[in-house]
>>> print(open('query25.tsv').read())   # TSV, C-alpha atoms (C1' of nucleotides)
chain	number	residue	atom	x	y	z
J	15	MET	CA	-18.50	15.72	31.95
J	16	LEU	CA	-20.96	18.35	33.09
J	17	LYS	CA	-20.37	22.02	32.95
J	18	GLU	CA	-20.12	23.75	36.26
J	19	LEU	CA	-23.31	23.62	38.26
J	20	PRO	CA	-25.36	26.80	38.36
J	21	VAL	CA	-25.27	27.38	42.10
J	22	ILE	CA	-24.37	25.72	45.34
J	23	ARG	CA	-27.34	23.57	46.08
J	24	GLN	CA	-29.31	23.48	49.29
J	25	ARG	CA	-31.72	20.77	50.27
J	26	GLY	CA	-35.35	21.66	49.73
J	27	VAL	CA	-34.49	24.78	47.76
J	28	CYS	CA	-35.29	24.91	44.06
J	29	CYS	CA	-33.36	26.90	41.52
J	30	GLN	CA	-35.19	29.29	39.27
J	31	LEU	CA	-35.59	28.13	35.71
J	32	PRO	CA	-35.67	30.09	32.48
J	33	GLU	CA	-39.14	31.35	31.68
J	34	VAL	CA	-40.94	29.32	29.06
J	35	ASP	CA	-44.08	30.66	27.43
J	36	ARG	CA	-47.03	28.37	28.06
J	37	ALA	CA	-48.94	29.41	24.98
J	38	TRP	CA	-45.92	28.59	22.87
J	39	ALA	CA	-45.62	25.16	24.49
J	40	GLU	CA	-49.28	24.42	23.91
J	41	SER	CA	-49.34	25.41	20.27
J	42	SER	CA	-46.05	23.72	19.48
J	43	ALA	CA	-47.23	20.54	21.11
J	44	GLY	CA	-50.36	20.75	18.99
J	45	LEU	CA	-48.32	20.92	15.82
J	46	LEU	CA	-46.09	18.05	16.90
J	47	LYS	CA	-49.05	15.90	17.83
J	48	ALA	CA	-50.35	16.32	14.32
J	49	LEU	CA	-46.99	15.12	13.02
J	50	ALA	CA	-46.37	12.33	15.51
J	51	ASP	CA	-47.94	9.50	13.58
J	52	PRO	CA	-46.30	7.24	10.97
J	53	THR	CA	-49.27	7.39	8.63
J	54	ARG	CA	-49.48	11.17	8.69
J	55	LEU	CA	-45.72	11.47	8.28
J	56	THR	CA	-45.89	9.17	5.28
J	57	MET	CA	-48.64	11.23	3.71
J	58	LEU	CA	-46.78	14.44	4.34
J	59	ALA	CA	-43.59	12.99	2.91
J	60	ALA	CA	-45.47	11.93	-0.21
J	61	LEU	CA	-46.90	15.43	-0.63
J	62	TRP	CA	-43.47	16.87	-0.02
J	63	LYS	CA	-41.81	14.67	-2.62
J	64	ALA	CA	-44.57	14.81	-5.19
J	65	GLU	CA	-44.83	18.59	-5.12
J	66	ALA	CA	-48.22	18.03	-6.70
J	67	PRO	CA	-51.70	17.50	-5.35
J	68	ILE	CA	-52.62	13.97	-4.33
J	69	CYS	CA	-56.07	12.44	-4.13
J	70	ILE	CA	-57.25	10.58	-1.05
J	71	CYS	CA	-57.99	7.54	-3.15
J	72	ASP	CA	-54.32	7.26	-4.08
J	73	PHE	CA	-53.42	6.87	-0.43
J	74	THR	CA	-55.96	4.12	0.03
J	75	GLY	CA	-54.10	2.25	-2.67
J	76	SER	CA	-50.66	2.53	-1.06
J	77	LEU	CA	-51.41	2.52	2.63
J	78	ASP	CA	-52.97	-0.50	4.26
J	79	LEU	CA	-55.75	1.44	5.92
J	80	SER	CA	-59.41	1.97	5.29
J	81	GLN	CA	-60.56	5.07	3.46
J	82	PRO	CA	-62.26	6.64	6.52
J	83	THR	CA	-59.13	6.19	8.56
J	84	ILE	CA	-57.04	7.90	5.90
J	85	SER	CA	-59.58	10.68	5.63
J	86	HIS	CA	-59.43	11.01	9.38
J	87	HIS	CA	-55.66	11.37	9.36
J	88	MET	CA	-55.77	13.87	6.50
J	89	GLY	CA	-58.40	15.81	8.44
J	90	LYS	CA	-55.94	16.19	11.30
J	91	LEU	CA	-53.25	17.48	8.99
J	92	LYS	CA	-55.74	19.96	7.57
J	93	GLU	CA	-56.95	20.98	11.02
J	94	ALA	CA	-53.33	21.64	11.96
J	95	GLY	CA	-53.03	23.94	8.95
J	96	LEU	CA	-50.41	21.79	7.24
J	97	VAL	CA	-52.32	20.90	4.10
J	98	GLU	CA	-55.06	22.39	1.98
J	99	SER	CA	-57.49	20.77	-0.39
J	100	GLU	CA	-59.30	21.48	-3.59
J	101	LYS	CA	-62.09	19.59	-5.21
J	102	THR	CA	-61.85	18.67	-8.88
J	103	GLY	CA	-64.70	16.61	-10.22
J	104	ILE	CA	-65.36	13.79	-7.79
J	105	TRP	CA	-61.87	13.90	-6.39
J	106	ILE	CA	-60.45	16.00	-3.63
J	107	TYR	CA	-56.80	16.83	-4.01
J	108	TYR	CA	-54.53	17.66	-1.11
J	109	ARG	CA	-51.23	19.45	-1.09
J	110	LEU	CA	-48.91	21.15	1.36
J	111	ARG	CA	-50.39	24.44	2.38
J	112	ALA	CA	-48.83	27.49	0.81
J	113	GLY	CA	-47.61	30.18	3.17
J	114	LEU	CA	-46.71	28.03	6.13
J	115	PRO	CA	-45.12	29.95	9.02
J	116	ALA	CA	-41.35	29.97	8.94
J	117	ALA	CA	-41.09	28.03	12.19
J	118	THR	CA	-43.38	25.34	10.82
J	119	ARG	CA	-41.35	25.12	7.62
J	120	ARG	CA	-38.17	24.69	9.62
J	121	VAL	CA	-39.67	21.84	11.60
J	122	LEU	CA	-40.96	20.14	8.47
J	123	SER	CA	-37.72	20.44	6.57
J	124	GLY	CA	-35.89	19.09	9.60
J	125	ILE	CA	-38.06	16.00	9.55
J	126	LEU	CA	-38.70	15.46	5.86
J	127	SER	CA	-35.44	16.66	4.39
X	7	MET	CA	-54.59	27.46	-7.73
X	8	LEU	CA	-53.40	23.93	-8.12
X	9	LYS	CA	-50.48	22.92	-10.22
X	10	GLU	CA	-51.29	20.69	-13.11
X	11	LEU	CA	-52.74	17.38	-12.11
X	12	PRO	CA	-50.41	14.42	-12.44
X	13	VAL	CA	-52.44	12.41	-14.95
X	14	ILE	CA	-55.85	12.08	-16.50
X	15	ARG	CA	-57.89	10.40	-13.84
X	16	GLN	CA	-60.04	7.35	-14.28
X	17	ARG	CA	-62.63	6.24	-11.83
X	18	GLY	CA	-61.50	3.42	-9.63
X	19	VAL	CA	-57.88	3.72	-10.69
X	20	CYS	CA	-55.31	4.95	-8.22
X	21	CYS	CA	-52.10	6.75	-9.02
X	22	GLN	CA	-48.80	5.52	-7.67
X	23	LEU	CA	-47.30	7.57	-4.89
X	24	PRO	CA	-43.67	8.33	-4.12
X	25	GLU	CA	-42.09	5.63	-2.02
X	26	VAL	CA	-41.79	6.47	1.65
X	27	ASP	CA	-39.61	4.39	3.93
X	28	ARG	CA	-41.67	2.81	6.68
X	29	ALA	CA	-38.83	2.47	9.12
X	30	TRP	CA	-38.11	6.16	8.74
X	31	ALA	CA	-41.76	7.01	9.39
X	32	GLU	CA	-41.87	4.84	12.48
X	33	SER	CA	-38.72	6.21	14.06
X	34	SER	CA	-39.53	9.80	13.21
X	35	ALA	CA	-42.98	9.44	14.69
X	36	GLY	CA	-41.36	8.06	17.83
X	37	LEU	CA	-39.17	11.11	18.19
X	38	LEU	CA	-42.08	13.45	17.57
X	39	LYS	CA	-44.26	11.66	20.08
X	40	ALA	CA	-41.63	12.28	22.71
X	41	LEU	CA	-41.75	15.98	21.82
X	42	ALA	CA	-45.50	16.35	21.42
X	43	ASP	CA	-46.34	17.37	24.96
X	44	PRO	CA	-46.39	20.86	26.47
X	45	THR	CA	-44.69	19.76	29.67
X	46	ARG	CA	-41.86	17.99	27.88
X	47	LEU	CA	-41.44	20.88	25.47
X	48	THR	CA	-41.21	23.26	28.40
X	49	MET	CA	-38.56	21.14	30.07
X	50	LEU	CA	-36.59	20.84	26.84
X	51	ALA	CA	-36.80	24.58	26.26
X	52	ALA	CA	-35.51	25.20	29.77
X	53	LEU	CA	-32.57	22.86	29.17
X	54	TRP	CA	-31.96	24.52	25.82
X	55	LYS	CA	-31.95	28.01	27.27
X	56	ALA	CA	-30.12	27.21	30.47
X	57	GLU	CA	-27.27	25.40	28.74
X	58	ALA	CA	-26.65	23.93	32.14
X	59	PRO	CA	-27.83	20.84	33.96
X	60	ILE	CA	-31.17	21.07	35.75
X	61	CYS	CA	-32.45	19.01	38.64
X	62	ILE	CA	-35.89	17.40	38.75
X	63	CYS	CA	-36.72	19.26	41.92
X	64	ASP	CA	-36.30	22.56	40.08
X	65	PHE	CA	-39.12	21.63	37.74
X	66	THR	CA	-41.43	20.80	40.60
X	67	GLY	CA	-41.17	24.44	41.59
X	68	SER	CA	-42.08	25.87	38.19
X	69	LEU	CA	-44.45	23.30	36.75
X	70	ASP	CA	-47.75	22.60	38.42
X	71	LEU	CA	-47.29	18.86	38.39
X	72	SER	CA	-46.37	16.28	40.95
X	73	GLN	CA	-42.81	15.07	41.19
X	74	PRO	CA	-43.56	11.52	39.92
X	75	THR	CA	-45.30	12.97	36.87
X	76	ILE	CA	-42.33	15.17	36.10
X	77	SER	CA	-39.94	12.30	36.59
X	78	HIS	CA	-42.12	10.27	34.27
X	79	HIS	CA	-41.97	12.93	31.54
X	80	MET	CA	-38.22	13.25	31.91
X	81	GLY	CA	-37.96	9.50	31.60
X	82	LYS	CA	-39.62	9.69	28.21
X	83	LEU	CA	-37.19	12.35	27.03
X	84	LYS	CA	-34.32	10.18	28.18
X	85	GLU	CA	-35.81	7.08	26.58
X	86	ALA	CA	-36.04	9.02	23.31
X	87	GLY	CA	-32.34	9.81	23.60
X	88	LEU	CA	-32.90	13.55	23.90
X	89	VAL	CA	-31.42	14.10	27.34
X	90	GLU	CA	-28.80	12.52	29.53
X	91	SER	CA	-28.38	12.58	33.26
X	92	GLU	CA	-25.67	12.56	35.85
X	93	LYS	CA	-25.94	12.05	39.55
X	94	THR	CA	-24.29	14.49	41.91
X	95	GLY	CA	-24.88	13.86	45.56
X	96	ILE	CA	-28.58	13.42	46.13
X	97	TRP	CA	-29.50	15.25	42.95
X	98	ILE	CA	-29.75	13.98	39.41
X	99	TYR	CA	-28.99	16.60	36.83
X	100	TYR	CA	-30.35	16.49	33.32
X	101	ARG	CA	-29.12	18.19	30.20
X	102	LEU	CA	-29.52	17.94	26.46
X	103	ARG	CA	-27.67	14.91	25.21
X	104	ALA	CA	-24.39	15.61	23.51
X	105	GLY	CA	-23.94	14.22	20.03
X	106	LEU	CA	-27.51	14.28	18.89
X	107	PRO	CA	-28.03	13.19	15.26
X	108	ALA	CA	-28.04	16.07	12.80
X	109	ALA	CA	-31.65	15.44	11.82
X	110	THR	CA	-32.71	15.55	15.45
X	111	ARG	CA	-30.82	18.78	16.00
X	112	ARG	CA	-32.54	20.36	13.01
X	113	VAL	CA	-35.94	19.41	14.36
X	114	LEU	CA	-35.12	20.73	17.80
X	115	SER	CA	-33.74	24.01	16.58
X	116	GLY	CA	-36.80	24.43	14.39
X	117	ILE	CA	-39.03	24.09	17.42
X	118	LEU	CA	-37.00	25.71	20.15
X	119	SER	CA	-35.23	28.42	18.21
S	15	DA	C1'	-83.13	7.70	-14.32
S	16	DC	C1'	-79.97	4.53	-12.66
S	17	DA	C1'	-75.67	2.62	-11.14
S	18	DA	C1'	-71.00	3.28	-9.68
S	19	DC	C1'	-67.83	5.81	-7.28
S	20	DC	C1'	-65.65	9.40	-4.04
S	21	DC	C1'	-65.62	11.29	0.35
S	22	DA	C1'	-67.08	13.02	5.10
S	23	DT	C1'	-69.54	11.94	9.18
S	24	DC	C1'	-71.18	9.21	13.00
S	25	DG	C1'	-71.20	5.53	16.55
S	26	DA	C1'	-68.91	1.62	18.73
S	27	DT	C1'	-65.03	-0.87	20.39
S	28	DG	C1'	-60.54	-1.77	22.08
S	29	DA	C1'	-55.85	0.07	22.88
S	30	DA	C1'	-52.85	3.64	24.55
S	31	DC	C1'	-51.85	7.62	27.24
S	32	DG	C1'	-51.50	10.96	31.10
S	33	DT	C1'	-51.79	11.60	35.88
S	34	DG	C1'	-51.42	10.83	40.75
S	35	DG	C1'	-50.72	8.04	44.99
S	36	DA	C1'	-47.90	4.82	47.28
S	37	DT	C1'	-43.63	2.45	47.91
S	38	DG	C1'	-38.73	1.79	48.41
S	39	DG	C1'	-33.70	2.62	47.64
S	40	DA	C1'	-30.05	5.92	48.25
S	41	DT	C1'	-27.86	9.79	50.45
S	42	DT	C1'	-27.10	13.59	53.56
S	43	DT	C1'	-27.91	15.96	57.94
S	44	DG	C1'	-28.58	16.18	62.96
F	17	DC	C1'	-28.90	5.81	64.51
F	18	DA	C1'	-32.92	8.55	63.09
F	19	DA	C1'	-35.06	11.89	60.15
F	20	DA	C1'	-35.44	14.27	55.94
F	21	DT	C1'	-34.81	14.70	51.08
F	22	DC	C1'	-34.37	13.24	46.23
F	23	DC	C1'	-35.65	10.12	42.82
F	24	DA	C1'	-37.50	6.01	40.13
F	25	DT	C1'	-40.76	2.44	39.87
F	26	DC	C1'	-45.16	0.18	40.26
F	27	DC	C1'	-50.08	0.25	40.14
F	28	DA	C1'	-54.75	2.13	39.26
F	29	DC	C1'	-57.93	5.26	37.40
F	30	DG	C1'	-60.07	8.09	33.94
F	31	DT	C1'	-59.59	9.99	29.53
F	32	DT	C1'	-58.22	10.20	24.94
F	33	DC	C1'	-57.10	8.09	20.63
F	34	DA	C1'	-57.06	4.94	16.55
F	35	DT	C1'	-59.57	2.04	13.77
F	36	DC	C1'	-63.48	0.05	11.69
F	37	DG	C1'	-68.19	-0.49	9.79
F	38	DA	C1'	-72.25	1.76	8.30
F	39	DT	C1'	-74.57	5.69	6.39
F	40	DG	C1'	-75.57	9.40	3.26
F	41	DG	C1'	-74.64	13.39	0.25
F	42	DG	C1'	-72.75	14.54	-4.02
F	43	DT	C1'	-70.84	13.61	-8.71
F	44	DT	C1'	-69.94	11.12	-12.95
F	45	DG	C1'	-71.01	8.08	-16.69
F	46	DT	C1'	-74.36	4.92	-19.08
>>> encode(input="query25.tsv", output="structure tokens")
Amino acid sequence: MLKELPVIRQRGVCCQLPEVDRAWAESSAGLLKALADPTRLTMLAALWKAEAPICICDFTGSLDLSQPTISHHMGKLKEAGLVESEKTGIWIYYRLRAGLPAATRRVLSGILS
Amino acid sequence: MLKELPVIRQRGVCCQLPEVDRAWAESSAGLLKALADPTRLTMLAALWKAEAPICICDFTGSLDLSQPTISHHMGKLKEAGLVESEKTGIWIYYRLRAGLPAATRRVLSGILS
DNA sequence: ACAACCCATCGATGAACGTGGATGGATTTG
DNA sequence: CAAATCCATCCACGTTCATCGATGGGTTGT
């Protein structure tokens, strides 16, 4: 089933692994942590589908969570640079951030497509 | 900056949001949680680059973590269905699971590409 | 001016997570 | 057989996280 093994193994001797950039791992994990929550995924999917700004109060109507909790989740999405907001009257509208990095867009489309 | 707002707003009245499947949100969040860790991302990237099976003991040489911790992380990747293992002698080799769902492959390539 | 509403912030509480040590099974080597 | 190595599992500890309630600033409408 497996491809051929890389080398003949010796006990107590480790094989060298491909180099992986730590900074990349840290930042990627940060992005994924922002995404790894059902509520935040649902909000992102709604923004993705709607293609229009959505007010926080609309989420409080659909999701079974308190307003602070929803604001908290949206704050994480904003902190991760995934959404941006604009205030209109007493409402604050959120939408997917314009100009997302290509790598981020690929990840999002993979999940939300 | 914003596109046109969906409707004329009224105080205390929420707009309806696009439907988002809860089961999808739950399972996607599960996959992303498995990925949202720098150590696990590093291990996945190594498997991705190496295109060959890798032994746990190899990671103990590169990563600054104890062997049980590494085994624990790998267990999560396996539990998420991202990797599979095969035992050869005293070593257990891990590799990316064959036949990953298309959506999962898109997410992975977006992150690891 | 007053009341109603929207939203962010803060503190508290309980759950979940990451990490490491210890243990034990399995296998190979001497 | 005895020792060494590889690995998973169990348990415990400390930290982080999610959620809620309360508070207050700011805005709109009467």
>>> closest_residue(input="query25.tsv", among="X:Val89, X:Ile117, X:Arg103, X:Ile76", to="Leu45 (chain J)", atoms="all atoms listed in the file")
X:Ile117
>>> residues_around(input="query25.tsv", residues="DA26 (chain S)", least_positions_apart="5", cutoff="12 Å", atoms="only C-alpha atoms (C1' of nucleotides)", output="list in words")
DT35, DC36, DG37 and DA38 of chain F
>>> residues_around(input="query25.tsv", residues="Leu69 (chain X)", least_positions_apart="4", cutoff="9 Å", atoms="all atoms listed in the file", output="list of chain:residue names")
X:Thr45, X:Thr48, X:Asp64, X:Phe65, X:Ile76
>>> interface_residues(input="query25.tsv", of="chain J", to="chain F", cutoff="10 Å", atoms="all atoms listed in the file", output="ChimeraX atom specification")
/J:25-26,79-80,82-83,86-87,103-105
>>> atom_distance(input="query25.tsv", atom1="CA of Tyr100 (chain X)", atom2="CA of Glu85 (chain X)")
12.8 Å
>>> closest_atom_pairs(input="query25.tsv", of="chain S", to="chain J", cutoff="9 Å", atoms="all atoms listed in the file", output="Markdown table")
| residue | atom | partner | partner_atom | distance |
| --- | --- | --- | --- | --- |
| S:DC19 | C1' | J:Ile104 | CA | 8.4 |
| S:DC20 | C1' | J:Ile104 | CA | 5.8 |
| S:DC21 | C1' | J:Ser85 | CA | 8.0 |
| S:DA22 | C1' | J:Ser85 | CA | 7.9 |
>>> write_last_selection(input="query25.tsv", atoms="C-alpha atoms (C1' of nucleotides)", output="PDB file, in the frame of the given file")
ATOM      1  C1'  DC S  19     -67.830   5.810  -7.280  1.00  0.00           C
ATOM      2  C1'  DC S  20     -65.650   9.400  -4.040  1.00  0.00           C
ATOM      3  C1'  DC S  21     -65.620  11.290   0.350  1.00  0.00           C
ATOM      4  C1'  DA S  22     -67.080  13.020   5.100  1.00  0.00           C
TER       5       DA S  22
END
>>> residues_around(input="query25.tsv", residues="Leu47 (chain X)", least_positions_apart="4", cutoff="8 Å", atoms="only C-alpha atoms (C1' of nucleotides)", output="count of residues only")
6
>>> atom_distance(input="query25.tsv", atom1="CA of Glu90 (chain X)", atom2="CA of Ala56 (chain X)")
14.8 Å
>>> atom_distance(input="query25.tsv", atom1="CA of Glu32 (chain X)", atom2="CA of Leu102 (chain X)")
22.8 Å
>>> closest_residue(input="query25.tsv", among="J:Gly95, J:Met88, J:Arg23, J:Val121", to="chain X", atoms="only C-alpha atoms")
J:Val121
>>> closest_residue(input="query25.tsv", among="J:Leu46, J:Val27, J:Ile68, J:Ser41", to="chain X", atoms="all atoms listed in the file")
J:Leu46
>>> closest_residue(input="query25.tsv", among="X:Cys20, X:Cys61, X:Ile14, X:Leu88", to="chain J", atoms="all atoms listed in the file")
X:Cys20
>>> axis_aligned_box(input="query25.tsv", around="region 43-56 of chain J", padding_each_side="8 Å", output="AutoDock Vina command-line options")
--center_x -48.0 --center_y 14.1 --center_z 13.2 --size_x 20.6 --size_y 29.7 --size_z 31.8
